[in-house]
Amino acid sequence: METKMVNIKINNVSLQVPENLTILEAAKYANIDIPTLCYMKGLCEIGACRICLAEVKGGRALVAACVFPIFDGMEVQTNTPVIRESRKHTLELLVSDHKRECLSCVRSGSCQLQTLCHDYGVDENTFQGMTHHYEIDDKSPALVRDNTKCVLCRRCIAACSDVQSVSVIDAVYRGFKTNISCAFGHTLEEAPCVYCGQCTVVCPTGALTEKDDTKKVLDAIADPDKKVFVFAAPSIRVTLGEAFDMPLGSIVTGKLAAALKRMGFDGVYDMALTADLTIMEEAHEFLDRVKTGGKLPIITSCSPGWVKFCEHYYPELISNLSTCKSPQQMFGAMLKTYFAEKNNLDPKDVFVVSVIPCTAKKFELGCDNQSAAGVPDVDVAITTRELARMIKADGINFVNLPDEEFDNPFGTVSGAGVIFGATGGVLEASLRTASHWLDENFEVVNFNEVRGPDGVRRATYKIAGMDVKVAVASGLANARELLDAVKNGTEEFHMIEIMACPGGCINGGGQPNQSDTIRNNVDLVAVRTKAIYKADEGLPLRKSFENPEIKVLYEEFLGVPGSEKAHHILHTTNAKRNVF
Amino acid sequence: MCKAAAIPFTGTKEQEQELYEAIARHKEQKGALMPVIQEAQRIYGYMPEEVQRMVSEGMGVSLSEVYGVVTFYSQFSLTPKGKYKIVICMGTACYVIGAGQIMERFEKELGIKDGECTEDMKFSLDGARCVGACGLAPVISVNEDVYGKIIADKVPEILKNYKDN
């Protein structure tokens with residue numbers, strides 16, 4: 001069906017645009033970005049903040065461009081003195097009750113309120129009046145909530161409720177007392193929060209952030225008695241460049257290794273290696289369950305936000321979870337057992353840092369049965385954002401760094417390990433190995449049906465005469481669709497991959513904060529996904545079992561996939577958690 | 001809310017049964033959270049955490065959403081009401097003539113804050129918007145009894161009327 005076009009004028013420029021647009025969307029056709037604060041495309045479109053005001057000819061009052069629909073013959077102004085004055089007043093009122101510690105705030109430079117105040121010349125506290133005092137909620141290992149920096153845009157609520165169906169925070173009370181809170185003022189740690197961190201990605205200010213663990217890393221590096229090893233997750237290589245204003249989708253694997261080497265670590269590794277190791281264990285576990293009539297579908301367990309969600313909200317499916325630790329935990333476990341043994345190191349002196357796109361990983365490292373050597377497998381997990389801050393503070397000129405290699409051993413990775421960073425990647429990586437084990441002549445490498453932007457995807461592959469039914473979901477509201485179908489027995493699968501964050505780790509809760517202009521105009525998930533598959537295809541090895549380092553790990557140490565030793569070091573347990 | 005925490009929840013099986021029946025009546029209805037919370041408030045007289053949890057589980061709505069609705073509307077209360085409900089008009093006419101001091105005096109005498117209830121469940125204290133008796137300003141009511149043109153020093157005397165009951 002052809003879209004009906006309408007004629008409108010924006011700032012005296014005549015345009016023909018499709019009907020059913022809002023003023024904000026139509027303005028893009030005139031190359032005008034109307035400033036926003038609460039609006040986020042596809043997430044939060046409620047017209048609450050009054051920053052995107054526009055003047056419609058013949059209208060009574062200013063309207064919110066993000067929700068006001070256009071009509072044929074409409075004449076709109078977006079930059080009159082009245083509008084500018086109104087925006088400025090709104091900002092002054094917001095700033096009058098905002099904890100202004102902009103000099104050291106972690107969001108300084110990526111704060112939408114700061115950007116708007118800069119653009120509209122608001123820096124002093126024009127209005128003196130009552131201010132709020134809220135206690136900072138920093139009890140959880142993953143997230144920090146500081147309501148004194150909140151602008152009540154409600155984007156976090158939309159992310160928590162609509163995208164993740166977790167809904168642990170909501171707007172409570174009203175009028176001046178309105179604030180974003182868990183029920184009864186509980187902390188996020190007391191609430192059934194899954195620590196996915198999607199709220200920190202959409203927060204326009206510093207009200208919701210990751211728990212900053214950078215000091216722990218610096219202290220460990222400075223400690224002469226500690227051997228400090230670091231490894232970076234697959235998705236970091238396609239997102240870290242964003243924090244240094246490099247073009248979206250830049251693959252910075254070599255610069256990432258180079259930067260880590262300049263920060264004083266004793267070893268710098270690629271976590272894609274233990275993604276390969278996860279595949280060996282998980283594919284083995286899957287085939288074992290198929291052969292022995294074990295619990296199916298097997299559901300992936302490498303997204304700690306998803307695992308915590310399962311423990312709170314779908315305890316009946318815990319036995320479906322793969323018992324494999326996540327690649328982060330496997331890497332730490334191998335460093336503190338195999339590597340420590342080989343290099344005569346006491347596991348207590350080995351300090352393991354992971355760089356991950358995820359806030360929930362900060363929680364995962366403290367969970368039960370995540371300490372193969374009797375000490376925690378991983379000591380500190382820092383997000384992409386924290387690493388970027390550390391690189392900047394160290395004065396490392398990231399953009400101009402040469403491409404360097406990760407250290408050996410553990411230096412060789414397969415493309416299968418790399419695509420862990422995108423939704424569908426873990427399942428595809430598993431299929432690449434499992435299909436080979438079932439049928440050596442099976443030739444498919446790219447399982448395109450499980451890739452893509454849809455929240456839920458299903459596919460059936462005929463491997464060695466067996467119809468292998470698989471499904472993928474990312475974003476926890478999408479996951480519910482699949483999980484309910486499995487729970488009610490309306491759909492049957494052999495294998496399911498679930499990622500807590502929509503799009504997978506490339507859109508994780510610890511990834512760089514992007515400006516509203518980029519978030520509202522660019523499909524970030526698509527750009528980052530494309531980059532990660534490009535990184536996969538550029539590698540000589542595409543399947544985990546082909547990785548020679550993996551072969552060495554099994555020959556020298558683990559035995560075979562699924563061995564007792566592998567179980568002791570690389571597998572874990574899960575248990576039900578309460579919903580409050 | 002400090003006082004509310006000190007007052008233990010004393011809901012009965014019958015009340016629970018009535019609430020679950022109300023939930024069953026409304027569950028399939030769109031936007032039914034409000035009527036269910038209204039029923040819950042009617043059954044229990046207030047909306048403590050225990051009741052909000054029952055509503056949350058029964059309706060399949062998160063606890064934070066239930067709490068958000070309960071705290072938004074002034075018709076819902078997080079604290080129980082006392083045997084004697086003291087309501088102080090804080091409307092414009094009463095306010096300018098000293099309702100603030102009267103509220104302060106009640107708070108001092110009873111050891112509770114606006115919106116709270118004494119631990120013995122005898123008195124609860126609430127500020128109200130204009131009750132429409134501006135000629136009697138400042139005006140308060142205790143259950144059905146109305147007191148007009150009062151001063152703060154009369155507060156102990158008023159309370160005495162109810163202390164011995």
# chains A, B, ... in the order shown; residues from 1 in each chain; ligands from 1

$ residues_around --residues "segment 292-306 of chain A" --least-positions-apart "3" --cutoff "9 Å" --atoms "only C-alpha atoms" --output "number ranges by chain"
A: 193-197, 278, 282, 285-289, 309-311, 317-328, 358-361, 363-364, 426-427, 470, 475-476, 479, 486, 492-501, 504-505

$ write_last_selection --atoms "N, CA and C atoms" --output "short mmCIF file (atom, residue, chain, number, x, y, z; two decimals), in the first residue's frame"
data_model
loop_
_atom_site.label_atom_id
_atom_site.label_comp_id
_atom_site.auth_asym_id
_atom_site.auth_seq_id
_atom_site.Cartn_x
_atom_site.Cartn_y
_atom_site.Cartn_z
N CYS A 193 15.67 -7.54 40.80
CA CYS A 193 16.34 -6.92 39.64
C CYS A 193 17.31 -7.94 39.07
N VAL A 194 17.43 -8.00 37.74
CA VAL A 194 18.33 -9.00 37.14
C VAL A 194 19.67 -8.38 36.75
N TYR A 195 19.85 -7.10 37.04
CA TYR A 195 21.11 -6.38 36.82
C TYR A 195 21.51 -6.30 35.34
N CYS A 196 20.55 -6.38 34.43
CA CYS A 196 20.89 -6.33 33.00
C CYS A 196 21.50 -4.98 32.63
N GLY A 197 21.15 -3.93 33.38
CA GLY A 197 21.76 -2.63 33.12
C GLY A 197 21.18 -1.88 31.93
N THR A 278 33.37 -22.83 26.11
CA THR A 278 31.96 -22.98 26.49
C THR A 278 31.23 -23.84 25.45
N GLU A 282 29.22 -27.06 26.13
CA GLU A 282 27.77 -26.96 25.95
C GLU A 282 27.28 -27.88 24.84
N GLU A 285 27.32 -31.26 26.25
CA GLU A 285 26.19 -31.43 27.17
C GLU A 285 24.88 -31.62 26.41
N PHE A 286 24.73 -30.86 25.32
CA PHE A 286 23.53 -30.96 24.50
C PHE A 286 23.39 -32.37 23.90
N LEU A 287 24.49 -32.85 23.27
CA LEU A 287 24.42 -34.16 22.63
C LEU A 287 24.23 -35.25 23.68
N ASP A 288 24.84 -35.05 24.84
CA ASP A 288 24.68 -36.01 25.93
C ASP A 288 23.22 -36.09 26.36
N ARG A 289 22.58 -34.92 26.48
CA ARG A 289 21.17 -34.92 26.90
C ARG A 289 20.29 -35.57 25.83
N PHE A 309 17.23 -13.91 35.84
CA PHE A 309 15.80 -13.81 35.47
C PHE A 309 15.14 -15.18 35.61
N CYS A 310 15.82 -16.22 35.10
CA CYS A 310 15.30 -17.59 35.17
C CYS A 310 15.12 -18.01 36.62
N GLU A 311 16.11 -17.69 37.45
CA GLU A 311 16.06 -18.10 38.86
C GLU A 311 14.92 -17.41 39.62
N LEU A 317 12.24 -23.85 35.07
CA LEU A 317 13.10 -24.13 33.91
C LEU A 317 14.58 -24.16 34.27
N ILE A 318 14.90 -24.07 35.56
CA ILE A 318 16.31 -24.06 35.96
C ILE A 318 17.02 -25.34 35.50
N SER A 319 16.30 -26.47 35.57
CA SER A 319 16.95 -27.73 35.16
C SER A 319 17.17 -27.79 33.65
N ASN A 320 16.54 -26.87 32.90
CA ASN A 320 16.82 -26.82 31.46
C ASN A 320 18.12 -26.06 31.15
N LEU A 321 18.52 -25.19 32.09
CA LEU A 321 19.73 -24.39 31.85
C LEU A 321 20.94 -25.30 31.66
N SER A 322 21.78 -24.93 30.74
CA SER A 322 23.07 -25.61 30.63
C SER A 322 23.82 -25.38 31.93
N THR A 323 24.54 -26.39 32.39
CA THR A 323 25.29 -26.21 33.64
C THR A 323 26.62 -25.50 33.41
N CYS A 324 26.93 -25.20 32.14
CA CYS A 324 28.20 -24.54 31.82
C CYS A 324 28.28 -23.17 32.49
N LYS A 325 29.46 -22.87 33.02
CA LYS A 325 29.71 -21.50 33.46
C LYS A 325 29.74 -20.61 32.22
N SER A 326 29.67 -19.31 32.44
CA SER A 326 29.77 -18.38 31.31
C SER A 326 31.23 -18.29 30.88
N PRO A 327 31.51 -17.82 29.67
CA PRO A 327 32.90 -17.68 29.24
C PRO A 327 33.75 -16.85 30.21
N GLN A 328 33.15 -15.82 30.81
CA GLN A 328 33.91 -15.01 31.79
C GLN A 328 34.41 -15.90 32.92
N CYS A 358 28.64 -5.90 30.12
CA CYS A 358 27.50 -6.37 30.90
C CYS A 358 27.63 -5.91 32.34
N THR A 359 26.54 -5.45 32.95
CA THR A 359 26.58 -5.10 34.36
C THR A 359 26.30 -6.33 35.23
N ALA A 360 25.51 -7.28 34.71
CA ALA A 360 25.16 -8.47 35.49
C ALA A 360 26.37 -9.35 35.78
N LYS A 361 27.42 -9.24 34.95
CA LYS A 361 28.62 -10.04 35.19
C LYS A 361 29.30 -9.64 36.50
N PHE A 363 27.75 -9.15 39.13
CA PHE A 363 27.02 -9.96 40.11
C PHE A 363 27.42 -11.43 39.98
N GLU A 364 27.52 -11.90 38.75
CA GLU A 364 27.79 -13.32 38.49
C GLU A 364 29.07 -13.79 39.19
N VAL A 426 25.63 -17.61 20.13
CA VAL A 426 26.00 -18.77 20.93
C VAL A 426 25.38 -20.03 20.32
N LEU A 427 24.13 -19.89 19.92
CA LEU A 427 23.45 -21.04 19.31
C LEU A 427 24.14 -21.44 18.02
N VAL A 470 15.56 -25.39 16.98
CA VAL A 470 16.23 -24.41 17.84
C VAL A 470 15.44 -23.10 17.88
N GLY A 475 16.32 -9.97 24.78
CA GLY A 475 15.38 -9.06 25.46
C GLY A 475 14.46 -9.96 26.26
N LEU A 476 14.28 -9.68 27.55
CA LEU A 476 13.59 -10.65 28.40
C LEU A 476 12.08 -10.69 28.18
N ALA A 479 11.87 -13.09 25.56
CA ALA A 479 12.17 -14.42 26.09
C ALA A 479 10.93 -15.06 26.72
N VAL A 486 7.34 -23.05 26.06
CA VAL A 486 8.03 -24.26 26.50
C VAL A 486 7.36 -24.80 27.78
N GLU A 492 7.97 -27.22 21.13
CA GLU A 492 9.08 -28.05 21.59
C GLU A 492 10.35 -27.70 20.84
N PHE A 493 11.43 -27.62 21.58
CA PHE A 493 12.73 -27.33 20.97
C PHE A 493 13.79 -28.26 21.57
N HIS A 494 14.91 -28.34 20.85
CA HIS A 494 16.05 -29.06 21.41
C HIS A 494 16.99 -28.09 22.14
N MET A 495 17.07 -26.89 21.58
CA MET A 495 18.06 -25.97 22.11
C MET A 495 17.54 -24.53 22.00
N ILE A 496 17.73 -23.77 23.06
CA ILE A 496 17.29 -22.37 23.04
C ILE A 496 18.42 -21.48 23.53
N GLU A 497 18.61 -20.38 22.84
CA GLU A 497 19.57 -19.39 23.33
C GLU A 497 18.80 -18.17 23.81
N ILE A 498 19.12 -17.72 25.00
CA ILE A 498 18.50 -16.49 25.49
C ILE A 498 19.57 -15.51 25.95
N MET A 499 19.42 -14.28 25.48
CA MET A 499 20.28 -13.19 25.91
C MET A 499 19.39 -12.16 26.59
N ALA A 500 19.81 -11.69 27.76
CA ALA A 500 18.98 -10.74 28.49
C ALA A 500 18.80 -9.44 27.70
N CYS A 501 19.86 -8.98 27.04
CA CYS A 501 19.78 -7.68 26.39
C CYS A 501 19.31 -7.80 24.95
N GLY A 504 21.57 -8.89 22.12
CA GLY A 504 22.72 -9.61 22.70
C GLY A 504 23.72 -8.65 23.31
N CYS A 505 24.94 -9.19 23.54
CA CYS A 505 25.96 -8.43 24.29
C CYS A 505 26.37 -7.13 23.60
#

$ interface_residues --of "chain B" --to "chain A" --cutoff "9 Å" --atoms "only C-alpha atoms" --output "PDB file with N, CA and C atoms, in the first residue's frame"
ATOM      1  N   GLU B  49       2.273  -3.610  52.926  1.00  0.00           N
ATOM      2  CA  GLU B  49       3.077  -4.378  51.968  1.00  0.00           C
ATOM      3  C   GLU B  49       2.459  -5.759  51.708  1.00  0.00           C
ATOM      4  N   VAL B  61       0.907  -8.325  38.224  1.00  0.00           N
ATOM      5  CA  VAL B  61       1.466  -6.989  37.991  1.00  0.00           C
ATOM      6  C   VAL B  61       2.619  -6.825  38.978  1.00  0.00           C
ATOM      7  N   SER B  62       3.693  -6.176  38.565  1.00  0.00           N
ATOM      8  CA  SER B  62       4.847  -6.090  39.460  1.00  0.00           C
ATOM      9  C   SER B  62       4.513  -5.282  40.709  1.00  0.00           C
ATOM     10  N   LEU B  63       5.207  -5.620  41.795  1.00  0.00           N
ATOM     11  CA  LEU B  63       4.979  -4.937  43.072  1.00  0.00           C
ATOM     12  C   LEU B  63       5.261  -3.438  42.950  1.00  0.00           C
ATOM     13  N   SER B  64       6.281  -3.085  42.146  1.00  0.00           N
ATOM     14  CA  SER B  64       6.619  -1.666  42.024  1.00  0.00           C
ATOM     15  C   SER B  64       5.488  -0.898  41.341  1.00  0.00           C
ATOM     16  N   GLU B  65       4.774  -1.552  40.435  1.00  0.00           N
ATOM     17  CA  GLU B  65       3.662  -0.879  39.758  1.00  0.00           C
ATOM     18  C   GLU B  65       2.495  -0.680  40.735  1.00  0.00           C
ATOM     19  N   VAL B  66       2.211  -1.705  41.523  1.00  0.00           N
ATOM     20  CA  VAL B  66       1.148  -1.589  42.528  1.00  0.00           C
ATOM     21  C   VAL B  66       1.490  -0.460  43.493  1.00  0.00           C
ATOM     22  N   TYR B  67       2.726  -0.453  43.966  1.00  0.00           N
ATOM     23  CA  TYR B  67       3.191   0.570  44.910  1.00  0.00           C
ATOM     24  C   TYR B  67       3.111   1.952  44.277  1.00  0.00           C
ATOM     25  N   GLY B  68       3.452   2.044  42.977  1.00  0.00           N
ATOM     26  CA  GLY B  68       3.372   3.314  42.257  1.00  0.00           C
ATOM     27  C   GLY B  68       1.953   3.860  42.258  1.00  0.00           C
ATOM     28  N   VAL B  69       0.973   2.999  42.022  1.00  0.00           N
ATOM     29  CA  VAL B  69      -0.431   3.429  41.990  1.00  0.00           C
ATOM     30  C   VAL B  69      -0.901   3.804  43.396  1.00  0.00           C
ATOM     31  N   VAL B  70      -0.556   2.967  44.372  1.00  0.00           N
ATOM     32  CA  VAL B  70      -1.003   3.222  45.752  1.00  0.00           C
ATOM     33  C   VAL B  70      -0.466   4.559  46.258  1.00  0.00           C
ATOM     34  N   THR B  71       0.797   4.868  45.931  1.00  0.00           N
ATOM     35  CA  THR B  71       1.372   6.112  46.454  1.00  0.00           C
ATOM     36  C   THR B  71       0.938   7.333  45.639  1.00  0.00           C
ATOM     37  N   PHE B  72       0.479   7.107  44.401  1.00  0.00           N
ATOM     38  CA  PHE B  72       0.068   8.245  43.563  1.00  0.00           C
ATOM     39  C   PHE B  72      -1.253   8.838  44.061  1.00  0.00           C
ATOM     40  N   TYR B  73      -2.224   7.986  44.369  1.00  0.00           N
ATOM     41  CA  TYR B  73      -3.556   8.477  44.716  1.00  0.00           C
ATOM     42  C   TYR B  73      -3.710   8.661  46.221  1.00  0.00           C
TER      43      TYR B  73
END

$ residues_around --residues "Asn125 of chain A" --least-positions-apart "4" --cutoff "8 Å" --atoms "only C-alpha atoms" --output "PDB file with C-alpha atoms, in the first residue's frame"
ATOM      1  CA  GLU A  92      16.675  25.834  34.788  1.00  0.00           C
ATOM      2  CA  VAL A  95      18.918  21.984  37.225  1.00  0.00           C
ATOM      3  CA  SER A  96      17.594  23.739  40.352  1.00  0.00           C
TER       4      SER A  96
END

$ residues_around --residues "Thr118 of chain B" --least-positions-apart "6" --cutoff "8 Å" --atoms "only C-alpha atoms" --output "count of residues only"
6

$ select_by_dssp --residues "chain B" --states "alpha helix (DSSP H)" --output "MDAnalysis selection string"
chainID B and resid 2:6 13:26 33:44 49:59 63:72 92:94 100:110 155:163

$ closest_residue --among "B:Ile86, B:Val55, B:Ala128, B:Val155" --to "Glu18 of chain B" --atoms "only C-alpha atoms"
B:Val55

$ atom_distance --atom1 "atom CA of Arg105 of chain B" --atom2 "atom CA of Val142 of chain B"
15.1 Å

$ decode --residues "segment 36-65 of chain A" --atoms "N, CA and C atoms" --output "PDB file, in the first residue's frame"
ATOM      1  N   THR A  36      15.583  16.740  22.570  1.00  0.00           N
ATOM      2  CA  THR A  36      14.710  15.901  23.392  1.00  0.00           C
ATOM      3  C   THR A  36      15.415  15.575  24.699  1.00  0.00           C
ATOM      4  N   LEU A  37      14.623  15.138  25.669  1.00  0.00           N
ATOM      5  CA  LEU A  37      15.226  14.667  26.916  1.00  0.00           C
ATOM      6  C   LEU A  37      14.587  13.352  27.366  1.00  0.00           C
ATOM      7  N   CYS A  38      13.243  13.302  27.373  1.00  0.00           N
ATOM      8  CA  CYS A  38      12.602  12.057  27.820  1.00  0.00           C
ATOM      9  C   CYS A  38      12.376  11.098  26.650  1.00  0.00           C
ATOM     10  N   TYR A  39      12.334  11.628  25.448  1.00  0.00           N
ATOM     11  CA  TYR A  39      12.021  10.806  24.273  1.00  0.00           C
ATOM     12  C   TYR A  39      13.153   9.850  23.934  1.00  0.00           C
ATOM     13  N   MET A  40      12.807   8.611  23.624  1.00  0.00           N
ATOM     14  CA  MET A  40      13.762   7.714  22.997  1.00  0.00           C
ATOM     15  C   MET A  40      12.990   6.837  22.030  1.00  0.00           C
ATOM     16  N   LYS A  41      13.423   6.885  20.802  1.00  0.00           N
ATOM     17  CA  LYS A  41      12.688   6.230  19.718  1.00  0.00           C
ATOM     18  C   LYS A  41      12.361   4.770  20.052  1.00  0.00           C
ATOM     19  N   GLY A  42      11.091   4.436  19.920  1.00  0.00           N
ATOM     20  CA  GLY A  42      10.660   3.063  20.121  1.00  0.00           C
ATOM     21  C   GLY A  42      10.620   2.626  21.573  1.00  0.00           C
ATOM     22  N   LEU A  43      11.089   3.484  22.474  1.00  0.00           N
ATOM     23  CA  LEU A  43      11.150   3.078  23.880  1.00  0.00           C
ATOM     24  C   LEU A  43      10.239   3.942  24.735  1.00  0.00           C
ATOM     25  N   CYS A  44      10.433   5.249  24.639  1.00  0.00           N
ATOM     26  CA  CYS A  44       9.733   6.156  25.537  1.00  0.00           C
ATOM     27  C   CYS A  44       9.231   7.345  24.719  1.00  0.00           C
ATOM     28  N   GLU A  45       7.941   7.361  24.455  1.00  0.00           N
ATOM     29  CA  GLU A  45       7.362   8.435  23.645  1.00  0.00           C
ATOM     30  C   GLU A  45       6.151   8.959  24.392  1.00  0.00           C
ATOM     31  N   ILE A  46       6.412   9.773  25.434  1.00  0.00           N
ATOM     32  CA  ILE A  46       5.327  10.160  26.337  1.00  0.00           C
ATOM     33  C   ILE A  46       5.150  11.674  26.459  1.00  0.00           C
ATOM     34  N   GLY A  47       6.031  12.461  25.823  1.00  0.00           N
ATOM     35  CA  GLY A  47       5.856  13.919  25.844  1.00  0.00           C
ATOM     36  C   GLY A  47       5.882  14.512  27.234  1.00  0.00           C
ATOM     37  N   ALA A  48       6.747  14.023  28.107  1.00  0.00           N
ATOM     38  CA  ALA A  48       6.709  14.450  29.505  1.00  0.00           C
ATOM     39  C   ALA A  48       7.629  15.616  29.829  1.00  0.00           C
ATOM     40  N   CYS A  49       8.786  15.701  29.155  1.00  0.00           N
ATOM     41  CA  CYS A  49       9.821  16.616  29.656  1.00  0.00           C
ATOM     42  C   CYS A  49       9.665  18.055  29.177  1.00  0.00           C
ATOM     43  N   ARG A  50       8.904  18.287  28.148  1.00  0.00           N
ATOM     44  CA  ARG A  50       8.650  19.625  27.585  1.00  0.00           C
ATOM     45  C   ARG A  50       9.908  20.297  27.022  1.00  0.00           C
ATOM     46  N   ILE A  51      10.851  19.526  26.546  1.00  0.00           N
ATOM     47  CA  ILE A  51      12.026  20.104  25.899  1.00  0.00           C
ATOM     48  C   ILE A  51      11.795  20.207  24.388  1.00  0.00           C
ATOM     49  N   CYS A  52      11.066  19.245  23.817  1.00  0.00           N
ATOM     50  CA  CYS A  52      10.926  19.182  22.353  1.00  0.00           C
ATOM     51  C   CYS A  52       9.800  20.083  21.853  1.00  0.00           C
ATOM     52  N   LEU A  53       9.502  21.154  22.581  1.00  0.00           N
ATOM     53  CA  LEU A  53       8.355  21.989  22.227  1.00  0.00           C
ATOM     54  C   LEU A  53       8.469  22.585  20.829  1.00  0.00           C
ATOM     55  N   ALA A  54       7.323  22.721  20.178  1.00  0.00           N
ATOM     56  CA  ALA A  54       7.248  23.346  18.864  1.00  0.00           C
ATOM     57  C   ALA A  54       5.992  24.213  18.819  1.00  0.00           C
ATOM     58  N   GLU A  55       5.999  25.157  17.860  1.00  0.00           N
ATOM     59  CA  GLU A  55       4.872  26.083  17.741  1.00  0.00           C
ATOM     60  C   GLU A  55       4.115  25.735  16.464  1.00  0.00           C
ATOM     61  N   VAL A  56       2.848  25.397  16.607  1.00  0.00           N
ATOM     62  CA  VAL A  56       2.033  25.076  15.441  1.00  0.00           C
ATOM     63  C   VAL A  56       1.166  26.288  15.120  1.00  0.00           C
ATOM     64  N   LYS A  57       1.221  26.742  13.863  1.00  0.00           N
ATOM     65  CA  LYS A  57       0.473  27.951  13.486  1.00  0.00           C
ATOM     66  C   LYS A  57      -1.017  27.730  13.731  1.00  0.00           C
ATOM     67  N   GLY A  58      -1.633  28.661  14.445  1.00  0.00           N
ATOM     68  CA  GLY A  58      -3.053  28.557  14.754  1.00  0.00           C
ATOM     69  C   GLY A  58      -3.324  27.811  16.047  1.00  0.00           C
ATOM     70  N   GLY A  59      -2.284  27.206  16.627  1.00  0.00           N
ATOM     71  CA  GLY A  59      -2.470  26.433  17.861  1.00  0.00           C
ATOM     72  C   GLY A  59      -2.506  27.349  19.076  1.00  0.00           C
ATOM     73  N   ARG A  60      -3.075  26.843  20.185  1.00  0.00           N
ATOM     74  CA  ARG A  60      -3.224  27.666  21.378  1.00  0.00           C
ATOM     75  C   ARG A  60      -1.927  27.779  22.176  1.00  0.00           C
ATOM     76  N   ALA A  61      -1.230  26.656  22.263  1.00  0.00           N
ATOM     77  CA  ALA A  61      -0.034  26.646  23.106  1.00  0.00           C
ATOM     78  C   ALA A  61       1.055  25.839  22.412  1.00  0.00           C
ATOM     79  N   LEU A  62       2.251  25.866  22.992  1.00  0.00           N
ATOM     80  CA  LEU A  62       3.340  25.063  22.447  1.00  0.00           C
ATOM     81  C   LEU A  62       2.983  23.584  22.604  1.00  0.00           C
ATOM     82  N   VAL A  63       3.432  22.764  21.666  1.00  0.00           N
ATOM     83  CA  VAL A  63       3.108  21.336  21.737  1.00  0.00           C
ATOM     84  C   VAL A  63       4.393  20.513  21.832  1.00  0.00           C
ATOM     85  N   ALA A  64       4.255  19.287  22.347  1.00  0.00           N
ATOM     86  CA  ALA A  64       5.404  18.383  22.444  1.00  0.00           C
ATOM     87  C   ALA A  64       5.595  17.688  21.094  1.00  0.00           C
ATOM     88  N   ALA A  65       6.683  18.026  20.413  1.00  0.00           N
ATOM     89  CA  ALA A  65       6.904  17.537  19.048  1.00  0.00           C
ATOM     90  C   ALA A  65       7.023  16.019  18.977  1.00  0.00           C
TER      91      ALA A  65
END
